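Novice: Mind looking over this structure? Questions follow.
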Protein chains: 2
Amino acid sequence: MQALVFDGKQPAIHPSVPEVVPKPGEALIRPLRMGVCATDLEICKGYMGFKGVLGHEFVGVVERVVGKTGKELVGKRVVGSINCVCGKCDMCRGGLPEHCRDRTVLGIAGRDGCFAQQFALPVRNLLEVPAGLDDDHAVFTEPLAAAFQVLRQLTIEGRPYITVLGDGRLGLLCAQVMTQLNATVRCVGKHPEKLALCEKWGVKHRLLDDVGLRQDQDIVVDCTGSADGLRVAMQMVRPRGKIVLKTTVAPAPGSQSHGVDLSPLVIHEIQVIGSRCGPFDEALRAMSVGKIDVLSLISRRMKLAEGVEALKTANQPGVIKVLLEP
Amino acid sequence: MQALVFDGKQPAIHPSVPEVVPKPGEALIRPLRMGVCATDLEICKGYMGFKGVLGHEFVGVVERVVGKTGKELVGKRVVGSINCVCGKCDMCRGGLPEHCRDRTVLGIAGRDGCFAQQFALPVRNLLEVPAGLDDDHAVFTEPLAAAFQVLRQLTIEGRPYITVLGDGRLGLLCAQVMTQLNATVRCVGKHPEKLALCEKWGVKHRLLDDVGLRQDQDIVVDCTGSADGLRVAMQMVRPRGKIVLKTTVAPAPGSQSHGVDLSPLVIHEIQVIGSRCGPFDEALRAMSVGKIDVLSLISRRMKLAEGVEALKTANQPGVIKVLLEP
């Protein structure tokens, strides 16, 4: 079958990767839509040291299930959590399976991803997509869930000043999610054409160059996807404020470093909260009731066969979301 | 008067610095004991860009007060908060004066320090030392308060696993403070002779080389004073755990960086809590009732005139606290 593979050096379309053989408890899935994420681009720079089939954002159809449970999903449209867990370690038993000690992660760690004609995921990872929600929405479930995770990690009272830093894929989703709070949220970025979407949604927005770095925000969510994001966030957040860190980047070649002086964290007693995957059910629900506009984020639709070009496109300024189709 | 001055290049004893003239609201203080802190050593490497008289740990006698309030302190032994605040900005009005936007900090930012025959601090910064507490204890009030600050920033329930990382001045104080909790605390360091003090106090301790970096600690308090401390702490703390960051270091020459890959914070959803100055009253109280052993931390006593040598001594392996006397 066809798949977009990263071999440790560069991504390439392989025309005849061996067919996927799902294990007991797993489903074989045929993707209908796939989304290109900043993490895919970082992996191609060496992040996580991953080699294999790329991709972790998808909506697809279950073709086959191995084992007794999940037969009812065959033929259904599904989305799925990307963390495949052991169910036995201290994290799994302690109710934090997404932090399983022995996990594999779809297209990110130890498991081939979804940029292929078929791929496998455990049945228990899957959620059926409501009939009313089309593929173009459903493919955004994973990144939108990551945006909702920010809300689960914060206790927000009153109307704190919140800046979502970054106007890319994740930033624009976070800005929409955060604006639903009783809070003063603004999205700060570098791209007028992306921030124009905030205008449409009624979300406050500013260009980074027009914003004073005044250490006056209660909460800054770093969705820049840039090693420099934390440095800027530290200049925006008030003393004793909080920075939610969404950015993961590959260290610069030959370096173990992100080049950030961390002493402001101590001097201003700032709290940094790392934030990764989130609740798929909340994301599906929010899209089902029309609370989140994802369609405006779609910049390009390309074929899986154009996968290498799609990665390049996703990296271009002005491009928000690139979707892949089989 | 005599003072230990950092001119931006190197520290030196100046025999005839101009006499200090306290402003209205300030007290003129004659130090009885002074403590050398890791921050003093970092300042001499360029941290904070400070130039002037060094030093911020002291116990002293009030010689004179300018203004109406605080006359009762004249002749009394005092310790004092190092943050000198405006009382007018949003932080001061909001109950976080230690984060005053316009603050000066004794011997660290915008204000000459206490390694001198005399120095000035606002009267409202001063706390009288209880009669039963001798100078050798009182001089530890500032660093011990910084250790107590950790407790104010954490909500601790049950018996979480806590590692105090670093067996230096601050680490050994933090380990004593944290052990008073209903928690499983261990101090992890590199120096057997320093960790031997933990034995004496009934505090668990391990050598760093003997400890598995297993991501199993609920809380890690980084008191290493080393840019590498955060990297080690990220390998010790469990997913969704907390790192209290006490370390401030000057970036390496020619670099803005601390050389740490921060993506583990995101992947494991770790929380980092910057922590600086703390409650002087709690520190004085804990020492008054004999809860904290500070005398065992005193490695050397030197004269102010030997200040340059004292800084070098404080930097030597095996040395914990160096005290200065006038």
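Chain identifiers are assigned as A, B, and so on, following the order in which chains appear in the structure tokens; residues are numbered from 1 within each chain, and ligands are numbered from 1 in order of appearance.
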Write out the coordinates of chain A as a short mmCIF file (atom, residue, chain, number, x, y, z; two decimals) with C-alpha atoms, in the first residue's frame after a least-squares overlay onto chain B built on all ordered Cα pairs.
Specialist:
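File written: selection36.cif
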```
data_model
loop_
_atom_site.label_atom_id
_atom_site.label_comp_id
_atom_site.auth_asym_id
_atom_site.auth_seq_id
_atom_site.Cartn_x
_atom_site.Cartn_y
_atom_site.Cartn_z
CA MET A 1 33.56 53.03 54.57
CA GLN A 2 34.66 49.55 53.50
CA ALA A 3 32.47 47.56 51.05
CA LEU A 4 32.62 44.57 48.69
CA VAL A 5 31.83 46.02 45.27
CA PHE A 6 31.20 44.34 41.92
CA ASP A 7 32.05 46.73 39.08
CA GLY A 8 30.66 44.59 36.27
CA LYS A 9 33.95 42.79 35.80
CA GLN A 10 35.16 41.52 39.15
CA PRO A 11 34.45 41.87 42.85
CA ALA A 12 36.84 43.91 44.99
CA ILE A 13 37.06 45.43 48.45
CA HIS A 14 36.80 49.20 48.23
CA PRO A 15 38.27 50.83 51.34
CA SER A 16 36.50 54.17 51.03
CA VAL A 17 33.05 53.93 49.47
CA PRO A 18 31.00 57.10 50.30
CA GLU A 19 28.96 56.90 53.51
CA VAL A 20 25.38 55.70 52.98
CA VAL A 21 22.73 58.45 53.33
CA PRO A 22 19.36 56.84 54.11
CA LYS A 23 16.27 58.42 52.51
CA PRO A 24 13.04 59.28 54.31
CA GLY A 25 11.40 56.06 55.48
CA GLU A 26 14.71 54.21 55.47
CA ALA A 27 16.90 52.86 58.24
CA LEU A 28 20.68 52.88 58.33
CA ILE A 29 21.85 49.42 59.36
CA ARG A 30 25.20 48.14 60.62
CA PRO A 31 25.51 44.46 59.76
CA LEU A 32 26.62 41.99 62.45
CA ARG A 33 26.72 38.92 60.24
CA MET A 34 26.33 38.54 56.48
CA GLY A 35 25.83 35.40 54.41
CA VAL A 36 27.29 34.61 50.97
CA CYS A 37 24.62 33.25 48.61
CA ALA A 38 24.74 31.51 45.23
CA THR A 39 23.09 34.61 43.78
CA ASP A 40 26.14 36.69 44.79
CA LEU A 41 28.33 34.28 42.84
CA GLU A 42 26.04 34.42 39.79
CA ILE A 43 26.01 38.24 39.91
CA CYS A 44 29.81 38.11 39.64
CA LYS A 45 29.27 36.10 36.42
CA GLY A 46 26.95 38.77 35.03
CA TYR A 47 23.54 37.70 36.35
CA MET A 48 21.08 40.63 36.56
CA GLY A 49 23.70 43.00 35.13
CA PHE A 50 24.14 44.36 38.65
CA LYS A 51 26.93 46.74 39.63
CA GLY A 52 27.47 48.02 43.15
CA VAL A 53 27.86 46.77 46.71
CA LEU A 54 27.10 43.02 46.83
CA GLY A 55 25.17 41.10 49.48
CA HIS A 56 21.57 40.61 50.63
CA GLU A 57 21.73 38.16 53.58
CA PHE A 58 22.29 39.88 56.93
CA VAL A 59 21.41 40.44 60.54
CA GLY A 60 22.27 43.90 61.76
CA VAL A 61 21.64 46.75 64.18
CA VAL A 62 19.57 49.79 63.25
CA GLU A 63 21.76 52.84 63.79
CA ARG A 64 19.45 55.56 62.60
CA VAL A 65 16.03 56.03 61.05
CA VAL A 66 14.97 58.90 58.77
CA GLY A 67 11.31 59.91 59.24
CA LYS A 68 8.65 59.43 61.86
CA THR A 69 8.02 55.69 61.80
CA GLY A 70 10.38 53.03 63.02
CA LYS A 71 12.17 55.05 65.71
CA GLU A 72 11.52 52.16 68.11
CA LEU A 73 13.83 49.99 65.98
CA VAL A 74 16.93 52.10 66.62
CA GLY A 75 19.47 49.99 68.50
CA LYS A 76 17.53 46.79 67.81
CA ARG A 77 18.74 43.72 65.92
CA VAL A 78 16.85 43.27 62.66
CA VAL A 79 16.58 41.18 59.54
CA GLY A 80 14.90 42.57 56.46
CA SER A 81 13.13 41.76 53.22
CA ILE A 82 15.40 42.48 50.30
CA ASN A 83 12.66 43.79 47.96
CA CYS A 84 12.18 47.55 48.25
CA VAL A 85 8.83 48.41 46.74
CA CYS A 86 6.87 51.44 45.49
CA GLY A 87 3.54 50.68 47.18
CA LYS A 88 1.67 52.17 44.22
CA CYS A 89 1.89 49.84 41.21
CA ASP A 90 -0.64 47.14 40.29
CA MET A 91 1.46 44.43 41.96
CA CYS A 92 1.82 46.34 45.24
CA ARG A 93 -1.87 47.23 45.29
CA GLY A 94 -2.76 43.66 44.33
CA GLY A 95 -1.01 42.20 47.38
CA LEU A 96 2.14 40.98 45.64
CA PRO A 97 4.62 43.70 46.71
CA GLU A 98 7.57 41.32 46.31
CA HIS A 99 6.77 41.58 42.58
CA CYS A 100 6.61 45.39 42.59
CA ARG A 101 7.14 46.75 39.06
CA ASP A 102 9.50 49.45 40.33
CA ARG A 103 11.33 47.54 43.03
CA THR A 104 14.96 47.67 43.89
CA VAL A 105 16.52 44.60 45.44
CA LEU A 106 19.27 44.75 48.06
CA GLY A 107 22.57 43.92 46.39
CA ILE A 108 20.82 42.46 43.36
CA ALA A 109 19.01 45.20 41.42
CA GLY A 110 19.29 48.98 41.64
CA ARG A 111 20.33 49.14 45.31
CA ASP A 112 23.65 48.71 47.08
CA GLY A 113 23.81 45.59 49.21
CA CYS A 114 24.82 44.69 52.75
CA PHE A 115 28.45 43.61 52.29
CA ALA A 116 29.56 46.92 53.77
CA GLN A 117 30.02 48.63 57.10
CA GLN A 118 26.61 50.25 56.68
CA PHE A 119 23.67 50.01 54.31
CA ALA A 120 20.09 51.27 54.01
CA LEU A 121 16.70 49.54 53.79
CA PRO A 122 13.14 50.85 54.15
CA VAL A 123 11.90 50.66 57.73
CA ARG A 124 8.84 48.69 56.65
CA ASN A 125 11.13 45.91 55.35
CA LEU A 126 12.56 45.24 58.81
CA LEU A 127 11.65 42.62 61.37
CA GLU A 128 13.09 42.64 64.89
CA VAL A 129 15.00 39.48 65.75
CA PRO A 130 13.61 37.73 68.88
CA ALA A 131 15.96 38.09 71.87
CA GLY A 132 16.47 34.33 72.11
CA LEU A 133 17.74 33.95 68.56
CA ASP A 134 21.46 34.58 68.10
CA ASP A 135 23.16 36.24 65.13
CA ASP A 136 24.37 32.96 63.65
CA HIS A 137 20.76 31.85 63.31
CA ALA A 138 19.26 35.20 62.34
CA VAL A 139 21.59 35.61 59.35
CA PHE A 140 19.88 32.56 57.80
CA THR A 141 16.43 34.19 57.83
CA GLU A 142 16.46 35.25 54.17
CA PRO A 143 17.51 31.90 52.65
CA LEU A 144 15.30 29.96 55.06
CA ALA A 145 12.34 32.17 54.08
CA ALA A 146 13.08 31.28 50.44
CA ALA A 147 12.83 27.61 51.44
CA PHE A 148 9.48 28.19 53.18
CA GLN A 149 8.19 29.88 50.02
CA VAL A 150 8.13 26.44 48.36
CA LEU A 151 5.48 25.31 50.85
CA ARG A 152 3.34 28.36 50.13
CA GLN A 153 3.33 27.59 46.41
CA LEU A 154 2.36 23.92 46.69
CA THR A 155 -0.81 22.22 47.83
CA ILE A 156 0.38 19.01 49.42
CA GLU A 157 -2.01 16.25 50.38
CA GLY A 158 -1.19 12.79 51.64
CA ARG A 159 2.37 11.56 51.27
CA PRO A 160 3.64 12.60 47.87
CA TYR A 161 7.15 11.61 46.85
CA ILE A 162 9.31 14.73 47.02
CA THR A 163 12.91 15.11 45.92
CA VAL A 164 14.93 18.15 46.88
CA LEU A 165 17.57 18.24 44.17
CA GLY A 166 20.83 19.80 45.32
CA ASP A 167 22.76 19.51 48.58
CA GLY A 168 24.02 23.09 48.73
CA ARG A 169 22.99 25.95 50.98
CA LEU A 170 19.40 26.22 49.78
CA GLY A 171 18.90 22.49 49.16
CA LEU A 172 19.78 21.57 52.74
CA LEU A 173 17.39 24.22 54.08
CA CYS A 174 14.60 23.12 51.72
CA ALA A 175 15.13 19.47 52.68
CA GLN A 176 14.68 20.34 56.36
CA VAL A 177 11.59 22.45 55.69
CA MET A 178 9.95 19.92 53.37
CA THR A 179 10.59 17.04 55.77
CA GLN A 180 8.28 18.71 58.27
CA LEU A 181 5.41 17.83 55.94
CA ASN A 182 3.52 14.60 56.00
CA ALA A 183 5.40 13.50 52.91
CA THR A 184 8.23 11.28 51.74
CA VAL A 185 11.09 13.69 51.22
CA ARG A 186 14.60 12.87 50.08
CA CYS A 187 17.53 15.13 49.37
CA VAL A 188 19.57 14.13 46.31
CA GLY A 189 23.01 15.61 45.74
CA LYS A 190 26.54 14.98 44.64
CA HIS A 191 28.49 15.52 47.89
CA PRO A 192 28.59 12.74 50.52
CA GLU A 193 29.94 15.14 53.17
CA LYS A 194 26.98 17.48 52.68
CA LEU A 195 24.41 14.70 52.55
CA ALA A 196 25.84 13.44 55.85
CA LEU A 197 24.02 16.38 57.46
CA CYS A 198 20.73 14.89 56.29
CA GLU A 199 21.64 11.75 58.21
CA LYS A 200 21.97 13.85 61.36
CA TRP A 201 18.57 15.48 60.77
CA GLY A 202 16.75 12.24 59.94
CA VAL A 203 16.18 13.39 56.36
CA LYS A 204 16.37 10.73 53.65
CA HIS A 205 19.19 11.29 51.18
CA ARG A 206 20.81 9.71 48.15
CA LEU A 207 23.73 10.41 45.86
CA LEU A 208 22.58 11.50 42.40
CA ASP A 209 24.65 8.73 40.78
CA ASP A 210 22.86 6.12 42.91
CA VAL A 211 19.36 7.33 42.03
CA GLY A 212 17.46 5.94 39.06
CA LEU A 213 15.99 8.72 36.93
CA ARG A 214 12.63 7.00 36.79
CA GLN A 215 10.11 9.82 36.40
CA ASP A 216 8.48 8.70 39.64
CA GLN A 217 8.62 11.74 41.94
CA ASP A 218 5.48 13.78 42.49
CA ILE A 219 7.44 16.94 43.24
CA VAL A 220 11.06 17.89 42.54
CA VAL A 221 12.49 21.09 44.03
CA ASP A 222 15.46 22.22 41.94
CA CYS A 223 17.96 23.81 44.32
CA THR A 224 21.00 22.83 42.28
CA GLY A 225 21.93 26.35 41.29
CA SER A 226 23.02 24.73 38.05
CA ALA A 227 21.62 25.20 34.55
CA ASP A 228 21.56 21.41 34.32
CA GLY A 229 19.22 21.04 37.30
CA LEU A 230 16.02 21.40 35.31
CA ARG A 231 17.11 18.71 32.85
CA VAL A 232 17.72 16.25 35.69
CA ALA A 233 14.49 17.30 37.42
CA MET A 234 12.51 16.54 34.24
CA GLN A 235 13.94 13.02 34.31
CA MET A 236 12.94 12.54 37.96
CA VAL A 237 9.42 13.94 38.09
CA ARG A 238 6.44 11.82 37.12
CA PRO A 239 4.13 12.78 34.26
CA ARG A 240 1.78 15.56 35.47
CA GLY A 241 4.16 16.15 38.39
CA LYS A 242 5.58 19.46 39.57
CA ILE A 243 9.03 21.00 39.49
CA VAL A 244 9.67 23.93 41.79
CA LEU A 245 12.42 25.98 40.18
CA LYS A 246 14.72 27.81 42.61
CA THR A 247 17.76 27.96 40.36
CA THR A 248 18.74 31.23 38.74
CA VAL A 249 21.96 31.20 36.80
CA ALA A 250 23.69 33.62 34.50
CA PRO A 251 23.48 32.36 30.90
CA ALA A 252 26.80 31.06 29.63
CA PRO A 253 29.02 33.81 28.18
CA GLY A 254 27.93 34.75 24.67
CA SER A 255 24.72 32.78 25.04
CA GLN A 256 21.14 33.57 26.02
CA SER A 257 20.52 29.96 26.75
CA HIS A 258 20.50 27.44 29.55
CA GLY A 259 20.94 24.56 27.17
CA VAL A 260 17.85 22.61 28.16
CA ASP A 261 15.44 20.82 25.80
CA LEU A 262 12.02 21.76 27.17
CA SER A 263 9.85 19.38 25.14
CA PRO A 264 9.59 16.90 28.09
CA LEU A 265 7.53 19.57 29.88
CA VAL A 266 4.89 19.32 27.14
CA ILE A 267 5.12 15.58 26.50
CA HIS A 268 4.75 14.70 30.19
CA GLU A 269 2.52 17.70 31.00
CA ILE A 270 4.86 18.76 33.79
CA GLN A 271 4.22 21.93 35.76
CA VAL A 272 7.15 24.23 36.56
CA ILE A 273 6.71 26.71 39.40
CA GLY A 274 9.23 29.51 39.71
CA SER A 275 9.96 30.33 43.35
CA ARG A 276 11.93 33.21 44.85
CA CYS A 277 11.67 35.09 48.17
CA GLY A 278 9.59 33.93 51.11
CA PRO A 279 8.07 34.75 54.49
CA PHE A 280 10.64 36.08 56.98
CA ASP A 281 8.28 35.68 59.96
CA GLU A 282 7.85 31.94 59.37
CA ALA A 283 11.60 31.51 59.04
CA LEU A 284 12.30 33.37 62.30
CA ARG A 285 9.59 31.36 64.08
CA ALA A 286 10.90 28.01 62.84
CA MET A 287 14.43 28.81 64.03
CA SER A 288 13.14 30.18 67.35
CA VAL A 289 11.44 26.90 68.21
CA GLY A 290 14.50 24.92 67.15
CA LYS A 291 12.90 23.24 64.16
CA ILE A 292 15.69 24.05 61.72
CA ASP A 293 19.41 23.40 62.16
CA VAL A 294 21.35 26.15 60.45
CA LEU A 295 24.52 26.09 62.52
CA SER A 296 25.69 22.88 60.86
CA LEU A 297 25.65 24.69 57.53
CA ILE A 298 28.33 27.20 58.54
CA SER A 299 31.55 26.17 56.81
CA ARG A 300 33.69 29.26 57.25
CA ARG A 301 33.68 32.61 59.05
CA MET A 302 35.61 35.40 57.39
CA LYS A 303 35.97 39.14 57.70
CA LEU A 304 34.30 41.59 55.34
CA ALA A 305 37.82 42.69 54.38
CA GLU A 306 38.35 39.13 53.07
CA GLY A 307 35.18 39.40 50.94
CA VAL A 308 36.78 38.50 47.61
CA GLU A 309 38.35 35.41 49.15
CA ALA A 310 35.00 34.61 50.78
CA LEU A 311 33.27 34.54 47.37
CA LYS A 312 35.94 32.14 46.09
CA THR A 313 35.59 29.98 49.18
CA ALA A 314 31.79 29.79 48.81
CA ASN A 315 32.33 28.42 45.31
CA GLN A 316 34.55 25.53 46.44
CA PRO A 317 33.25 21.98 46.60
CA GLY A 318 32.43 20.87 50.11
CA VAL A 319 31.77 24.41 51.35
CA ILE A 320 28.20 25.14 52.38
CA LYS A 321 27.72 28.53 54.02
CA VAL A 322 30.35 31.24 54.31
CA LEU A 323 29.52 33.95 56.85
CA LEU A 324 31.08 37.40 56.86
CA GLU A 325 31.67 39.51 59.93
CA PRO A 326 32.45 43.23 59.97
#
```
Novice: Which of range 67-126 of chain B end up as helix (DSSP H, G or I) when DSSP is run on this backbone - answer as a count of residues only?
Specialist: 13
Novice: So which bits of range 2-67 of chain B end up strand (DSSP E) when you DSSP the backbone, as a ChimeraX atom specification?
Specialist: /B:3-6,11-14,26-35,52-53,57-65
